[in-house]
file structure.cif (mmCIF, C-alpha atoms and all ligand atoms)
data_target
loop_
_atom_site.group_PDB
_atom_site.id
_atom_site.type_symbol
_atom_site.label_atom_id
_atom_site.label_comp_id
_atom_site.auth_asym_id
_atom_site.auth_seq_id
_atom_site.Cartn_x
_atom_site.Cartn_y
_atom_site.Cartn_z
ATOM 1 C CA MET A 2 0.000 0.000 0.000
ATOM 2 C CA ASP A 3 1.420 3.363 -0.991
ATOM 3 C CA TRP A 4 0.466 6.103 1.433
ATOM 4 C CA PRO A 5 0.148 9.658 0.159
ATOM 5 C CA ASP A 6 2.896 12.099 1.249
ATOM 6 C CA GLU A 7 0.360 13.706 3.552
ATOM 7 C CA PRO A 8 -2.053 10.998 4.740
ATOM 8 C CA ALA A 9 -5.561 12.163 5.650
ATOM 9 C CA LYS A 10 -4.656 15.693 4.576
ATOM 10 C CA GLU A 11 -8.287 16.858 4.813
ATOM 11 C CA ILE A 12 -8.398 16.251 8.564
ATOM 12 C CA SER A 13 -4.726 16.300 9.455
ATOM 13 C CA ALA A 14 -4.859 19.431 11.651
ATOM 14 C CA GLU A 15 -7.588 17.880 13.804
ATOM 15 C CA ILE A 16 -5.677 14.590 14.101
ATOM 16 C CA GLU A 17 -2.496 16.399 15.101
ATOM 17 C CA ALA A 18 -4.388 18.313 17.783
ATOM 18 C CA LEU A 19 -5.461 14.968 19.301
ATOM 19 C CA CYS A 20 -1.822 14.135 20.039
ATOM 20 C CA ASP A 21 -1.589 16.897 22.659
ATOM 21 C CA HIS A 22 -1.522 15.192 26.095
ATOM 22 C CA ARG A 23 -3.862 17.843 27.516
ATOM 23 C CA VAL A 24 -6.425 16.844 24.884
ATOM 24 C CA CYS A 25 -5.833 13.083 24.659
ATOM 25 C CA GLN A 26 -3.240 11.210 26.666
ATOM 26 C CA GLY A 27 -1.593 8.345 24.885
ATOM 27 C CA TRP A 28 1.353 7.011 22.969
ATOM 28 C CA GLN A 29 0.242 6.918 19.368
ATOM 29 C CA ASN A 30 1.824 9.529 17.120
ATOM 30 C CA ALA A 31 -0.040 11.568 14.550
ATOM 31 C CA LEU A 32 1.310 9.648 11.530
ATOM 32 C CA ARG A 33 -0.130 6.360 12.748
ATOM 33 C CA ASN A 34 -3.502 7.953 13.331
ATOM 34 C CA LYS A 35 -3.377 9.554 9.896
ATOM 35 C CA HIS A 36 -2.748 6.116 8.366
ATOM 36 C CA LEU A 37 -5.780 4.747 10.212
ATOM 37 C CA ALA A 38 -7.845 7.703 9.009
ATOM 38 C CA GLN A 39 -6.560 7.484 5.422
ATOM 39 C CA LEU A 40 -7.691 3.868 5.124
ATOM 40 C CA ILE A 41 -11.184 4.965 6.150
ATOM 41 C CA LEU A 42 -11.176 7.904 3.719
ATOM 42 C CA TRP A 43 -10.199 5.506 0.914
ATOM 43 C CA LYS A 44 -12.327 2.449 1.741
ATOM 44 C CA LYS A 45 -15.442 4.140 3.155
ATOM 45 C CA PRO A 46 -16.330 1.404 5.683
ATOM 46 C CA SER A 47 -19.700 1.153 7.437
ATOM 47 C CA VAL A 48 -18.603 -0.748 10.541
ATOM 48 C CA VAL A 49 -15.261 -0.029 12.212
ATOM 49 C CA VAL A 50 -14.335 -1.685 15.512
ATOM 50 C CA GLU A 51 -11.460 -0.690 17.779
ATOM 51 C CA VAL A 52 -10.315 -2.799 20.729
ATOM 52 C CA GLY A 53 -8.492 -0.514 23.204
ATOM 53 C CA VAL A 54 -9.520 3.149 23.118
ATOM 54 C CA PHE A 55 -7.826 4.764 26.138
ATOM 55 C CA ALA A 56 -8.170 8.573 25.671
ATOM 56 C CA GLY A 57 -9.221 8.184 22.039
ATOM 57 C CA ARG A 58 -6.311 9.217 19.825
ATOM 58 C CA SER A 59 -6.903 6.454 17.292
ATOM 59 C CA PHE A 60 -10.649 6.180 17.970
ATOM 60 C CA LEU A 61 -11.334 9.879 17.403
ATOM 61 C CA SER A 62 -8.990 10.043 14.380
ATOM 62 C CA GLN A 63 -10.967 7.271 12.695
ATOM 63 C CA ALA A 64 -14.276 8.841 13.723
ATOM 64 C CA LEU A 65 -13.160 12.123 12.127
ATOM 65 C CA ALA A 66 -12.534 10.232 8.886
ATOM 66 C CA LEU A 67 -15.995 8.637 9.035
ATOM 67 C CA LYS A 68 -17.519 12.079 9.597
ATOM 68 C CA GLN A 69 -15.576 13.359 6.596
ATOM 69 C CA ASN A 70 -17.045 10.455 4.562
ATOM 70 C CA GLY A 71 -20.523 11.304 5.857
ATOM 71 C CA ALA A 72 -21.175 7.648 6.792
ATOM 72 C CA GLY A 73 -20.038 4.799 9.006
ATOM 73 C CA VAL A 74 -19.695 4.183 12.732
ATOM 74 C CA ILE A 75 -16.684 3.256 14.860
ATOM 75 C CA TYR A 76 -17.370 1.181 17.967
ATOM 76 C CA GLY A 77 -14.579 1.627 20.516
ATOM 77 C CA ILE A 78 -14.290 -1.109 23.143
ATOM 78 C CA ASP A 79 -12.509 -0.456 26.436
ATOM 79 C CA PRO A 80 -13.418 -1.547 29.978
ATOM 80 C CA TYR A 81 -11.671 1.459 31.591
ATOM 81 C CA ASP A 82 -10.898 -0.769 34.547
ATOM 82 C CA ALA A 83 -7.527 -0.142 36.184
ATOM 83 C CA SER A 84 -7.705 -3.461 38.025
ATOM 84 C CA ILE A 85 -7.282 -5.467 34.810
ATOM 85 C CA ILE A 86 -4.460 -3.360 33.344
ATOM 86 C CA HIS A 87 -1.192 -5.080 34.179
ATOM 87 C CA GLU A 88 1.015 -3.774 31.356
ATOM 88 C CA TRP A 89 1.664 -0.461 33.052
ATOM 89 C CA GLN A 90 0.877 1.340 36.320
ATOM 90 C CA ILE A 91 -2.410 3.231 36.311
ATOM 91 C CA ASN A 92 -5.090 3.836 38.925
ATOM 92 C CA GLN A 93 -8.852 4.096 38.450
ATOM 93 C CA GLU A 94 -8.834 7.888 38.628
ATOM 94 C CA GLU A 95 -6.296 8.094 35.804
ATOM 95 C CA ILE A 96 -8.089 5.630 33.526
ATOM 96 C CA GLU A 97 -11.344 7.510 34.197
ATOM 97 C CA ARG A 98 -9.610 10.720 33.082
ATOM 98 C CA ALA A 99 -8.688 8.964 29.835
ATOM 99 C CA ARG A 100 -12.311 7.861 29.333
ATOM 100 C CA LEU A 101 -13.531 11.416 29.864
ATOM 101 C CA GLN A 102 -11.070 12.697 27.256
ATOM 102 C CA ALA A 103 -12.479 10.208 24.730
ATOM 103 C CA VAL A 104 -16.071 11.234 25.580
ATOM 104 C CA ASP A 105 -15.142 14.908 25.433
ATOM 105 C CA GLY A 106 -13.569 14.390 21.995
ATOM 106 C CA ILE A 107 -16.820 12.925 20.652
ATOM 107 C CA HIS A 108 -18.698 16.069 21.681
ATOM 108 C CA ARG A 109 -15.994 18.597 20.809
ATOM 109 C CA HIS A 110 -15.735 17.276 17.244
ATOM 110 C CA SER A 111 -19.494 16.566 16.862
ATOM 111 C CA LEU A 112 -18.872 12.870 16.252
ATOM 112 C CA GLN A 113 -22.040 11.564 17.920
ATOM 113 C CA LYS A 114 -23.312 10.018 14.656
ATOM 114 C CA HIS A 115 -20.022 8.246 13.988
ATOM 115 C CA ALA A 116 -18.481 7.216 17.317
ATOM 116 C CA VAL A 117 -19.831 4.817 19.958
ATOM 117 C CA LEU A 118 -17.926 3.905 23.115
ATOM 118 C CA VAL A 119 -18.588 0.446 24.529
ATOM 119 C CA GLN A 120 -17.355 0.205 28.105
ATOM 120 C CA ALA A 121 -16.569 -3.503 28.306
ATOM 121 C CA THR A 122 -13.744 -5.946 27.762
ATOM 122 C CA SER A 123 -13.276 -7.284 24.259
ATOM 123 C CA ALA A 124 -14.538 -10.653 25.545
ATOM 124 C CA VAL A 125 -17.842 -9.213 26.783
ATOM 125 C CA ALA A 126 -18.379 -7.009 23.704
ATOM 126 C CA ALA A 127 -17.567 -9.673 21.090
ATOM 127 C CA SER A 128 -21.157 -10.851 20.610
ATOM 128 C CA LEU A 129 -22.201 -7.326 19.514
ATOM 129 C CA PHE A 130 -20.473 -7.654 16.147
ATOM 130 C CA GLU A 131 -21.187 -9.909 13.200
ATOM 131 C CA SER A 132 -19.547 -8.294 10.187
ATOM 132 C CA ILE A 133 -16.725 -5.779 10.511
ATOM 133 C CA ASP A 134 -15.235 -3.746 7.653
ATOM 134 C CA VAL A 135 -12.200 -2.352 9.502
ATOM 135 C CA LEU A 136 -10.802 -3.692 12.783
ATOM 136 C CA HIS A 137 -8.125 -1.980 14.891
ATOM 137 C CA ILE A 138 -6.639 -4.194 17.623
ATOM 138 C CA ASP A 139 -4.888 -2.125 20.313
ATOM 139 C CA GLY A 140 -6.130 -3.575 23.610
ATOM 140 C CA CYS A 141 -4.104 -5.558 26.112
ATOM 141 C CA HIS A 142 -0.847 -6.586 24.434
ATOM 142 C CA ASP A 143 -0.021 -9.647 26.504
ATOM 143 C CA GLU A 144 0.072 -12.998 24.732
ATOM 144 C CA GLU A 145 -3.248 -14.317 25.974
ATOM 145 C CA ASN A 146 -5.297 -11.188 25.273
ATOM 146 C CA SER A 147 -3.688 -10.294 21.944
ATOM 147 C CA CYS A 148 -4.286 -13.865 20.704
ATOM 148 C CA PHE A 149 -7.852 -13.733 22.042
ATOM 149 C CA ASP A 150 -8.575 -10.489 20.173
ATOM 150 C CA VAL A 151 -7.184 -11.815 16.883
ATOM 151 C CA ALA A 152 -8.905 -15.214 17.215
ATOM 152 C CA THR A 153 -12.264 -13.705 18.281
ATOM 153 C CA TYR A 154 -12.529 -10.532 16.188
ATOM 154 C CA GLY A 155 -10.454 -11.529 13.131
ATOM 155 C CA PRO A 156 -13.076 -14.021 11.859
ATOM 156 C CA LYS A 157 -15.734 -11.296 12.156
ATOM 157 C CA VAL A 158 -13.962 -9.144 9.577
ATOM 158 C CA ARG A 159 -15.655 -9.634 6.234
ATOM 159 C CA SER A 160 -13.822 -10.967 3.234
ATOM 160 C CA GLY A 161 -11.971 -8.012 1.688
ATOM 161 C CA GLY A 162 -12.034 -6.166 5.009
ATOM 162 C CA TRP A 163 -9.058 -4.760 6.877
ATOM 163 C CA ILE A 164 -7.281 -5.485 10.166
ATOM 164 C CA TRP A 165 -4.843 -3.144 11.891
ATOM 165 C CA PHE A 166 -2.680 -4.733 14.564
ATOM 166 C CA ASP A 167 -0.866 -2.429 16.951
ATOM 167 C CA ASP A 168 2.503 -3.101 18.603
ATOM 168 C CA SER A 169 3.315 -5.919 16.219
ATOM 169 C CA ASN A 170 6.961 -5.539 17.263
ATOM 170 C CA TYR A 171 6.388 -6.645 20.907
ATOM 171 C CA ALA A 172 7.695 -10.056 21.989
ATOM 172 C CA SER A 173 4.331 -10.691 23.692
ATOM 173 C CA THR A 174 2.330 -10.163 20.485
ATOM 174 C CA GLN A 175 4.303 -12.526 18.230
ATOM 175 C CA LYS A 176 1.836 -15.430 18.641
ATOM 176 C CA ALA A 177 -1.011 -13.104 17.681
ATOM 177 C CA VAL A 178 0.973 -11.905 14.655
ATOM 178 C CA THR A 179 1.443 -15.541 13.589
ATOM 179 C CA LEU A 180 -2.320 -16.089 13.953
ATOM 180 C CA LEU A 181 -2.961 -13.032 11.796
ATOM 181 C CA ASP A 182 -0.458 -14.208 9.183
ATOM 182 C CA GLY A 183 -2.568 -17.363 8.812
ATOM 183 C CA MET A 184 -5.844 -15.470 8.583
ATOM 184 C CA ALA A 185 -5.163 -12.494 6.314
ATOM 185 C CA ARG A 186 -2.659 -11.046 3.846
ATOM 186 C CA LEU A 187 -0.091 -8.553 5.109
ATOM 187 C CA GLU A 188 -0.646 -5.287 3.205
ATOM 188 C CA ASN A 189 1.606 -2.876 5.070
ATOM 189 C CA ASP A 190 4.225 -3.264 7.784
ATOM 190 C CA GLN A 191 5.096 -0.095 9.681
ATOM 191 C CA TRP A 192 7.208 -2.145 12.142
ATOM 192 C CA ALA A 193 5.279 -1.051 15.236
ATOM 193 C CA TYR A 194 1.905 -1.638 13.561
ATOM 194 C CA ARG A 195 0.681 -3.683 10.660
ATOM 195 C CA LEU A 196 -2.215 -3.658 8.228
ATOM 196 C CA TYR A 197 -3.732 -6.915 6.967
ATOM 197 C CA ARG A 198 -6.449 -7.642 4.445
ATOM 198 C CA LYS A 199 -8.850 -10.560 4.698
ATOM 199 C CA THR A 200 -9.011 -12.502 1.428
HETATM 200 C C1 LIG B 1 -2.526 1.012 24.411
HETATM 201 S S1 LIG B 1 -4.040 1.532 25.097
HETATM 202 C C2 LIG B 1 -4.968 1.990 23.642
HETATM 203 C C3 LIG B 1 -4.425 3.223 22.965
HETATM 204 C C4 LIG B 1 -5.374 3.890 22.039
HETATM 205 N N1 LIG B 1 -5.733 3.061 20.904
HETATM 206 C C5 LIG B 1 -4.827 5.248 21.578
HETATM 207 O O1 LIG B 1 -4.950 5.601 20.418
HETATM 208 O O2 LIG B 1 -4.267 5.971 22.402
HETATM 209 C C6 LIG B 1 -4.754 -0.008 25.532
HETATM 210 C C7 LIG B 1 -6.171 0.074 26.084
HETATM 211 O O3 LIG B 1 -6.677 -1.262 26.095
HETATM 212 C C8 LIG B 1 -7.582 -1.360 27.150
HETATM 213 N N2 LIG B 1 -7.783 -2.764 27.486
HETATM 214 C C9 LIG B 1 -7.109 -3.530 28.384
HETATM 215 N N3 LIG B 1 -7.636 -4.749 28.436
HETATM 216 C C10 LIG B 1 -8.665 -4.772 27.549
HETATM 217 C C11 LIG B 1 -9.617 -5.752 27.169
HETATM 218 N N4 LIG B 1 -9.607 -6.977 27.703
HETATM 219 N N5 LIG B 1 -10.536 -5.428 26.229
HETATM 220 C C12 LIG B 1 -10.550 -4.176 25.672
HETATM 221 N N6 LIG B 1 -9.681 -3.203 26.009
HETATM 222 C C13 LIG B 1 -8.756 -3.508 26.937
HETATM 223 C C14 LIG B 1 -6.978 -0.520 28.268
HETATM 224 O O4 LIG B 1 -7.990 -0.076 29.175
HETATM 225 C C15 LIG B 1 -6.295 0.613 27.498
HETATM 226 O O5 LIG B 1 -7.094 1.768 27.511
#

call {"tool": "encode", "arguments": {"input": "structure.cif", "output": "structure tokens"}}
result
Amino acid sequence: MDWPDEPAKEISAEIEALCDHRVCQGWQNALRNKHLAQLILWKKPSVVVEVGVFAGRSFLSQALALKQNGAGVIYGIDPYDASIIHEWQINQEEIERARLQAVDGIHRHSLQKHAVLVQATSAVAASLFESIDVLHIDGCHDEENSCFDVATYGPKVRSGGWIWFDDSNYASTQKAVTLLDGMARLENDQWAYRLYRKT
């Protein structure tokens, strides 16, 4: 996949603004979020699902692209429960602050028709989805959960649909990457994140 020199140019200023910690905490840089948004601008999906929202950098970037398209909804799944996060240190007050930033972003950018937050684990939310056009997996990156997300949500992506997998360079995600390799065709490898297409 050849990305344009300026991915998601139409909404790039808004995506860059989301990478300010005072607006949305997080780790993802603007280029990654522009790639996520560009795919949506190109492919015009109806159903986008994201596992792992945190403060909404990737979730809101994709929702902005859906708004630009004038159609489609992103469902962002996150339990916002500090007690189940073991990858890094965070307390309930801090994770709640992240949730409020995601909610605030929906209102600030008038994304109510295109962005739905589902406060649940990926396991609990799985039965909500039958056919997914674009999936972004960025939840818990340990081996068990990353494999669970690929094995549970990957089959729900329609033939010809797209799967983003975040942190594909982690040791703990290598089993999930192998699962993905057997399920879909690698379209783009950005080292720290990958894009696959279901055949
Ligand atoms: C790396 S952060 C997501 C970053 C986000 N995509 C962004 O753009 O900033 C991972 C998130 O996964 C969530 N998470 C942890 N376990 C989860 C689970 N079982 N199901 C869904 N989300 C989970 C955490 O609450 C955390 O907010």

call {"tool": "residues_near_ligand", "arguments": {"input": "structure.cif", "ligand": "ligand LIG 1 (chain B)", "cutoff": "6 Å", "atoms": "all atoms listed in the file", "output": "list in words"}}
result
Gly27, Trp28, Gln29, Val52, Gly53, Val54, Phe55, Ala56, Gly57, Arg58, Ser59, Ile78, Asp79, Pro80, Tyr81, Ile86, Thr122, Ser123, Asp139, Gly140 and Cys141 of chain A

call {"tool": "atom_distance", "arguments": {"input": "structure.cif", "atom1": "atom CA of Val49 of chain A", "atom2": "atom CA of Glu17 of chain A"}}
result
21.0 Å

call {"tool": "closest_residue", "arguments": {"input": "structure.cif", "among": "A:Arg100, A:Lys44, A:His115, A:His36", "to": "Ile75 of chain A", "atoms": "all atoms listed in the file"}}
result
A:His115

call {"tool": "closest_residue", "arguments": {"input": "structure.cif", "among": "A:Gln175, A:Ser132, A:Ser62, A:Gln69", "to": "Cys25 of chain A", "atoms": "all atoms listed in the file"}}
result
A:Ser62

call {"tool": "residues_around", "arguments": {"input": "structure.cif", "residues": "segment 150-165 of chain A", "least_positions_apart": "6", "cutoff": "6 Å", "atoms": "all atoms listed in the file", "output": "CSV table (one decimal) with C-alpha atoms, in the coordinates of the input"}}
result
chain,number,residue,atom,x,y,z
A,131,GLU,CA,-21.2,-9.9,13.2
A,132,SER,CA,-19.5,-8.3,10.2
A,133,ILE,CA,-16.7,-5.8,10.5
A,134,ASP,CA,-15.2,-3.7,7.7
A,135,VAL,CA,-12.2,-2.4,9.5
A,136,LEU,CA,-10.8,-3.7,12.8
A,137,HIS,CA,-8.1,-2.0,14.9
A,195,ARG,CA,0.7,-3.7,10.7
A,196,LEU,CA,-2.2,-3.7,8.2
A,197,TYR,CA,-3.7,-6.9,7.0
A,198,ARG,CA,-6.4,-7.6,4.4
A,199,LYS,CA,-8.8,-10.6,4.7
A,200,THR,CA,-9.0,-12.5,1.4

call {"tool": "closest_residue", "arguments": {"input": "structure.cif", "among": "A:Ala126, A:Ala83, A:Val24, A:Ala103", "to": "Val50 of chain A", "atoms": "only C-alpha atoms"}}
result
A:Ala126

call {"tool": "closest_residue", "arguments": {"input": "structure.cif", "among": "A:Lys45, A:Gly73, A:Ser128, A:Ala66", "to": "Ser13 of chain A", "atoms": "only C-alpha atoms"}}
result
A:Ala66

call {"tool": "atom_distance", "arguments": {"input": "structure.cif", "atom1": "atom CA of Lys10 of chain A", "atom2": "atom CA of Trp43 of chain A"}}
result
12.2 Å

call {"tool": "closest_residue", "arguments": {"input": "structure.cif", "among": "A:Leu101, A:Val125, A:Ala185, A:Ala177", "to": "Asn146 of chain A", "atoms": "all atoms listed in the file"}}
result
A:Ala177
